[in-house]
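Here's the structure we're looking at; comments come further down.
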Amino acid sequence: MKIPFTKFAPHLPGGSLRFLLPAMLVLLFLAVLVWLPWQAREMESNERQEKLIADTLWVEQALRFELNRSEEAIVALGHELASNPPAGAVRARIAQLLNNGRELRRVRWLDAAGKPLQTGGAELPGGTMAAASSEAWELARATRVARYSEPYLTAPDEPALVDYHLPLFAAGAYTGNLAVTYDLKTLLDDTVPWWFAQDNAISLIDRDDRPLATRAAAGPGRGVYTHKRLLDLPGATMVLVTDSVKGAPRLLPNLLVGSVIALALGLLVSLGALWRHIRRRLAAEGALRQQMAFRTAMEDSLVTGLRARDLEGRVTYVNPAFCQIVGFPPEELVGKAPPMAYWAPEAMADYQQRFASVLAGTAIPQFETIFQRSDGARVPVLIFEAPLVDSEGRQTGWMGSILDISDRKNAEELARQQQEKLHASARLATMGEISSMLAHELNQPLAAISSYTTGALNMLGRAADSGTALDPAILKPALEQASEQARRAGQIIRSVHEFVKKREPQRQLLDIGHLVDGIRTLIELQASKYFVAIQTSISKQLPAVSADRMMLEQVLLNLTRNAIEAMQDVAPERRVLRIAAMHEAGRVTVSVIDQGHGIAPAVAERLFSPFFSTKAEGMGMGLSICRTAIEFHGGTLSHGDNPGGGTVFRFALPSQASPT
């Protein structure tokens, strides 16, 4: 028998549960609609009450601060009164106290019997001290501690007052009292800000709930949100009452329902916008993946190493070129913090100093250093550092570009060696020119030595033939002269040897005066050929310069030789060579001044060009080598006309210290 399926469909469990879940959701939604307005009202009511309490505490602190400020001023005045100052000074101080506090109605200085000594401010109705104030006065004198009186009224229409009594003592004995009267209404008006008084009625009441002073800029409070705060002062008890002018919150239910419907519609619109955003985002991600693939391929093809670090110095990215420079794979570099595996031990101090600058946010933009490859080889590199900034303009780290400059360093070393050879050749050429003069100068001391020693031998021979003893004092002058001439010859030979020997440039602190004295013998050898007189003008207060002695000696010898040769055809009285040195603007300037024929403008344009010379036998390298040597030390070489005729060559070097 075939049974129709429709007979059993109403009895399926899913048929009744199909409507149960939506019904429960509707009931839940209705419950939320009922609960939300009540909950919102309760939350708003609690927030208003909490805000009122917080504001009341703030007003209380403001009142206490104002009273404490006045108390400090009153105590300071009391200390001054203890020394019995002049009456005029007391009146001025009382007037100043009243001007600084508008809430102060009256200030009285009373003696031990209560008789007024000085009074300032307004006179109170009645003219006598209130009972509450008299009681506070007696207690202050008995306890030797300042006290407030209980608030009191002088008249029904007058504001409530409170007195502050400060007992005065001298050498332990009671000398009087300083009584200051506060106007509570003025205190409340000046202390409570206007914005607080617009929302609340603020009152001061006594212990019996009688109002003492009130400030209600927007009318009386509604009694819905209130708070009381005890203002307990030494000797006086007052209560600060705050009553908000706001009523209970009212929230219409239909407003909430409309808000829910609007939120639902907004949710549908948001879902549609989100779907469109997702589609656009997927398209953008696809384009970004293509761009990232292109950029990655471009970075991988670079020969410049790239390294990114975060603000704490950890490596966040390296490209293949950087890994090839240091010889480490990316997994051994990314995420690592200093010290790095490629730091060379001999440069560790420089690395640490630069890393400290990176942490301080002041990285050096460009510098040279060395890296140690994984196989231990050293690689000279040039590093460019720049801030790494995100799309919002915030710095997230540092990006560095690293160049392997091994080839450049090798080329610089080769150029340096060639320059050294050129300097050596120039020195030998210079010595070739002065060799004949050197022989002439050596002949003189050698001939003198021969004469003195021959005379000494003859005297010894005659004494031996006659059989008489020879006095040593007779031989001593001749032998001393021979020794002096031998020393002179040795000095000439040492000067030449020091000048021509080849060595690496060595910077040291040099004194220009000592440098000139050291080669003066060689300069005089050149000058004697043309009967040129040498004058020097070098201050003993010149600071030192950091330079290679041999290079500066060569520069001075070349310049002085040119100056001497430039004066060979002038009148003998004009053949004067001057060497001057001075310190100005942080540089030491040395001038070589001649009175020769000068330099023609056409020659001056090519004066420092290599292989250009005005001498038939010259190589044209002297001045070019001089300029190269001076620029090697960070200086400048220039020339100009001598106002008295001739030429002035001067070079300037950075000084290393101020003159003493």
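By convention in this document, the chains of the structure tokens carry letters A, B, ... by their order, each chain's residues are numbered from 1, and ligands are numbered from 1 in the order they are shown.
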Q | Long-range neighbours of Thr396 of chain A as a PyMOL selection string, 10 Å cut-off, only C-alpha atoms, 3 positions minimum in chain | A | chain A and resi 308-312+387-390+393+399
Now that the selection is made, can you save its residues with N, CA and C atoms as a PDB file, in the first residue's frame?
ATOM      1  N   ALA A 308      67.242  47.293   5.662  1.00  0.00           N
ATOM      2  CA  ALA A 308      66.263  48.070   6.429  1.00  0.00           C
ATOM      3  C   ALA A 308      66.350  47.646   7.891  1.00  0.00           C
ATOM      4  N   ARG A 309      66.277  48.646   8.785  1.00  0.00           N
ATOM      5  CA  ARG A 309      66.298  48.386  10.231  1.00  0.00           C
ATOM      6  C   ARG A 309      65.155  49.142  10.887  1.00  0.00           C
ATOM      7  N   ASP A 310      64.622  48.566  11.985  1.00  0.00           N
ATOM      8  CA  ASP A 310      63.586  49.262  12.725  1.00  0.00           C
ATOM      9  C   ASP A 310      64.232  50.265  13.677  1.00  0.00           C
ATOM     10  N   LEU A 311      63.402  50.943  14.469  1.00  0.00           N
ATOM     11  CA  LEU A 311      63.912  51.989  15.354  1.00  0.00           C
ATOM     12  C   LEU A 311      64.779  51.436  16.475  1.00  0.00           C
ATOM     13  N   GLU A 312      64.730  50.124  16.722  1.00  0.00           N
ATOM     14  CA  GLU A 312      65.573  49.506  17.752  1.00  0.00           C
ATOM     15  C   GLU A 312      66.826  48.881  17.170  1.00  0.00           C
ATOM     16  N   PRO A 387      65.923  58.021   6.778  1.00  0.00           N
ATOM     17  CA  PRO A 387      64.762  57.561   7.554  1.00  0.00           C
ATOM     18  C   PRO A 387      63.788  56.772   6.677  1.00  0.00           C
ATOM     19  N   LEU A 388      63.218  55.722   7.258  1.00  0.00           N
ATOM     20  CA  LEU A 388      62.208  54.913   6.595  1.00  0.00           C
ATOM     21  C   LEU A 388      60.845  55.358   7.109  1.00  0.00           C
ATOM     22  N   VAL A 389      60.022  55.948   6.234  1.00  0.00           N
ATOM     23  CA  VAL A 389      58.764  56.592   6.613  1.00  0.00           C
ATOM     24  C   VAL A 389      57.604  55.810   6.007  1.00  0.00           C
ATOM     25  N   ASP A 390      56.535  55.587   6.816  1.00  0.00           N
ATOM     26  CA  ASP A 390      55.373  54.867   6.300  1.00  0.00           C
ATOM     27  C   ASP A 390      54.434  55.821   5.573  1.00  0.00           C
ATOM     28  N   GLY A 393      53.462  59.170   7.206  1.00  0.00           N
ATOM     29  CA  GLY A 393      54.505  60.129   7.535  1.00  0.00           C
ATOM     30  C   GLY A 393      55.254  59.832   8.821  1.00  0.00           C
ATOM     31  N   MET A 399      66.590  53.044   6.383  1.00  0.00           N
ATOM     32  CA  MET A 399      66.949  52.323   5.170  1.00  0.00           C
ATOM     33  C   MET A 399      68.368  52.701   4.791  1.00  0.00           C
TER      34      MET A 399
END
(Q) Could you list, as a list in words, every residue within 7 Å of Tyr342 of chain A, counting only C-alpha atoms and ignoring same-chain residues fewer than 5 positions away? (A) Val326, Phe371, Gln372 and Arg373 of chain A
Q.
Using only C-alpha atoms, which protein or nucleic acid residues come within 9 Å of segment 44-47 of chain A? Drop anything in the same chain fewer than 4 positions from it, and give the result as a PyMOL selection string.
A. chain A and resi 39-40+51-52+225+248-249
Store the residues picked out above, limited to N, CA, C and O atoms, as an mmCIF file, in the first residue's frame.
data_model
loop_
_atom_site.group_PDB
_atom_site.id
_atom_site.type_symbol
_atom_site.label_atom_id
_atom_site.label_comp_id
_atom_site.auth_asym_id
_atom_site.auth_seq_id
_atom_site.Cartn_x
_atom_site.Cartn_y
_atom_site.Cartn_z
ATOM 1 N N GLN A 39 17.337 51.079 30.514
ATOM 2 C CA GLN A 39 18.761 50.999 30.823
ATOM 3 C C GLN A 39 19.479 52.301 30.460
ATOM 4 O O GLN A 39 20.349 52.779 31.196
ATOM 5 N N ALA A 40 19.073 52.877 29.310
ATOM 6 C CA ALA A 40 19.695 54.140 28.919
ATOM 7 C C ALA A 40 19.388 55.242 29.918
ATOM 8 O O ALA A 40 20.239 56.070 30.251
ATOM 9 N N LYS A 51 28.817 62.696 37.799
ATOM 10 C CA LYS A 51 29.428 63.961 37.399
ATOM 11 C C LYS A 51 29.191 65.033 38.459
ATOM 12 O O LYS A 51 30.075 65.839 38.765
ATOM 13 N N LEU A 52 27.984 65.039 39.035
ATOM 14 C CA LEU A 52 27.684 66.020 40.075
ATOM 15 C C LEU A 52 28.598 65.811 41.286
ATOM 16 O O LEU A 52 29.114 66.764 41.872
ATOM 17 N N TYR A 225 19.092 65.569 41.463
ATOM 18 C CA TYR A 225 20.497 65.214 41.616
ATOM 19 C C TYR A 225 21.099 66.160 42.650
ATOM 20 O O TYR A 225 21.267 67.359 42.399
ATOM 21 N N ALA A 248 14.942 64.679 35.783
ATOM 22 C CA ALA A 248 15.200 63.283 35.437
ATOM 23 C C ALA A 248 15.222 63.126 33.921
ATOM 24 O O ALA A 248 14.453 63.776 33.211
ATOM 25 N N PRO A 249 16.100 62.282 33.374
ATOM 26 C CA PRO A 249 16.175 62.112 31.922
ATOM 27 C C PRO A 249 14.930 61.428 31.380
ATOM 28 O O PRO A 249 14.350 60.551 32.011
#
Q: List every residue of segment 55-304 of chain A that DSSP, applied to the backbone of this structure, places in alpha helix (DSSP H), and write the result as a PyMOL selection string.
A: chain A and resi 55-81+87-100+131-143+184-191+194-199+253-301
(Q) I'd like the neighbourhood of Glu573 of chain A as a VMD selection string, where a residue qualifies if any of its atoms comes within 10 Å (using only C-alpha atoms), though same-chain residues fewer than 6 positions away should be ignored. (A) chain A and resid 531 to 533
I need the residues from that last selection saved to file as a PDB file, in the first residue's frame (with N, CA, C and O atoms), if you can.
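File written: out-v7.pdb
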ATOM      1  N   PHE A 531     123.126  85.204  -3.967  1.00  0.00           N
ATOM      2  CA  PHE A 531     123.348  86.245  -2.962  1.00  0.00           C
ATOM      3  C   PHE A 531     122.018  86.863  -2.495  1.00  0.00           C
ATOM      4  O   PHE A 531     121.848  88.082  -2.468  1.00  0.00           O
ATOM      5  N   VAL A 532     121.064  85.985  -2.172  1.00  0.00           N
ATOM      6  CA  VAL A 532     119.735  86.407  -1.711  1.00  0.00           C
ATOM      7  C   VAL A 532     119.713  86.367  -0.185  1.00  0.00           C
ATOM      8  O   VAL A 532     120.103  85.354   0.432  1.00  0.00           O
ATOM      9  N   ALA A 533     119.253  87.463   0.430  1.00  0.00           N
ATOM     10  CA  ALA A 533     119.117  87.516   1.889  1.00  0.00           C
ATOM     11  C   ALA A 533     117.767  86.923   2.298  1.00  0.00           C
ATOM     12  O   ALA A 533     116.766  87.071   1.589  1.00  0.00           O
TER      13      ALA A 533
END
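Residue nearest Glu332 of chain A within the list A:Ala283, A:Val315, A:Arg106, A:Gly88: A:Val315 [criterion: smallest interatomic distance, only C-alpha atoms].
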Q: Find the residues around Leu178 of chain A up to 10 Å (only C-alpha atoms counted), leave out those fewer than 6 positions away in its own chain, and share them as a list in words.
A: Ile74, Val75, Leu77, Gly78, Leu81, Val107, Arg108, Trp109, Leu110, Asp111, Pro116, Leu117, Gln118, Thr119, Trp137, Ala146, Tyr164, His165, Leu166, Pro167 and Leu168 of chain A
Q) Given the choices A:Ala287, A:Leu403, A:Leu153, A:Ile512, which gets closest to Met582 of chain A if the distance is worked out from only C-alpha atoms? A) A:Ile512
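Near segment 169-175 of chain A, within a cut-off of 9 Å and counting only C-alpha atoms, sit the residues Ala82, Ser83, Leu110, Asp111, Ala112, Ala113, Arg141 and Arg144 of chain A, with same-chain residues fewer than 6 positions away left out.
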Q | All residues 6 Å or closer to segment 377-383 of chain A, only C-alpha atoms, same chain fewer than 6 positions away omitted, as JSON, numbers by chain | A | {"A": [366, 367, 368, 369, 370, 371, 401, 402, 403, 404, 405, 406]}
Q | Atom pair atom CA of Ala92 of chain A / atom CA of Arg69 of chain A: separation (Å) | A | 19.0 Å
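Between atom CA of Phe355 of chain A and atom CA of Gly305 of chain A the separation is 18.7 Å.
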(Q) Between atom CA of Thr296 of chain A and atom CA of Pro338 of chain A, what is the distance in Å, rounded to a tenth? (A) 26.0 Å
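Nearest to Leu559 of chain A of all the residues A:Leu359, A:Val59, A:Leu240, A:Ile523 is A:Ile523, based on only C-alpha atoms.
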Q: Mind the document's chain letters and residue numbers, and return as JSON, numbers by chain the residues of segment 324-426 of chain A that DSSP labels strand (DSSP E).
A: {"A": [366, 367, 368, 369, 370, 371, 372, 378, 379, 380, 381, 382, 383, 384, 385, 386, 387, 388, 389, 395, 396, 397, 398, 399, 400, 401, 402, 403, 404]}
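Distance check against Ser539 of chain A using only C-alpha atoms: of A:Asp511, A:Glu565, A:Asp594, A:Glu158, the minimum falls on A:Asp511.
When only C-alpha atoms are used to compute distances to Leu623 of chain A, the closest of the residues A:Val588, A:Ala486, A:Leu556, A:Val516 turns out to be A:Leu556.
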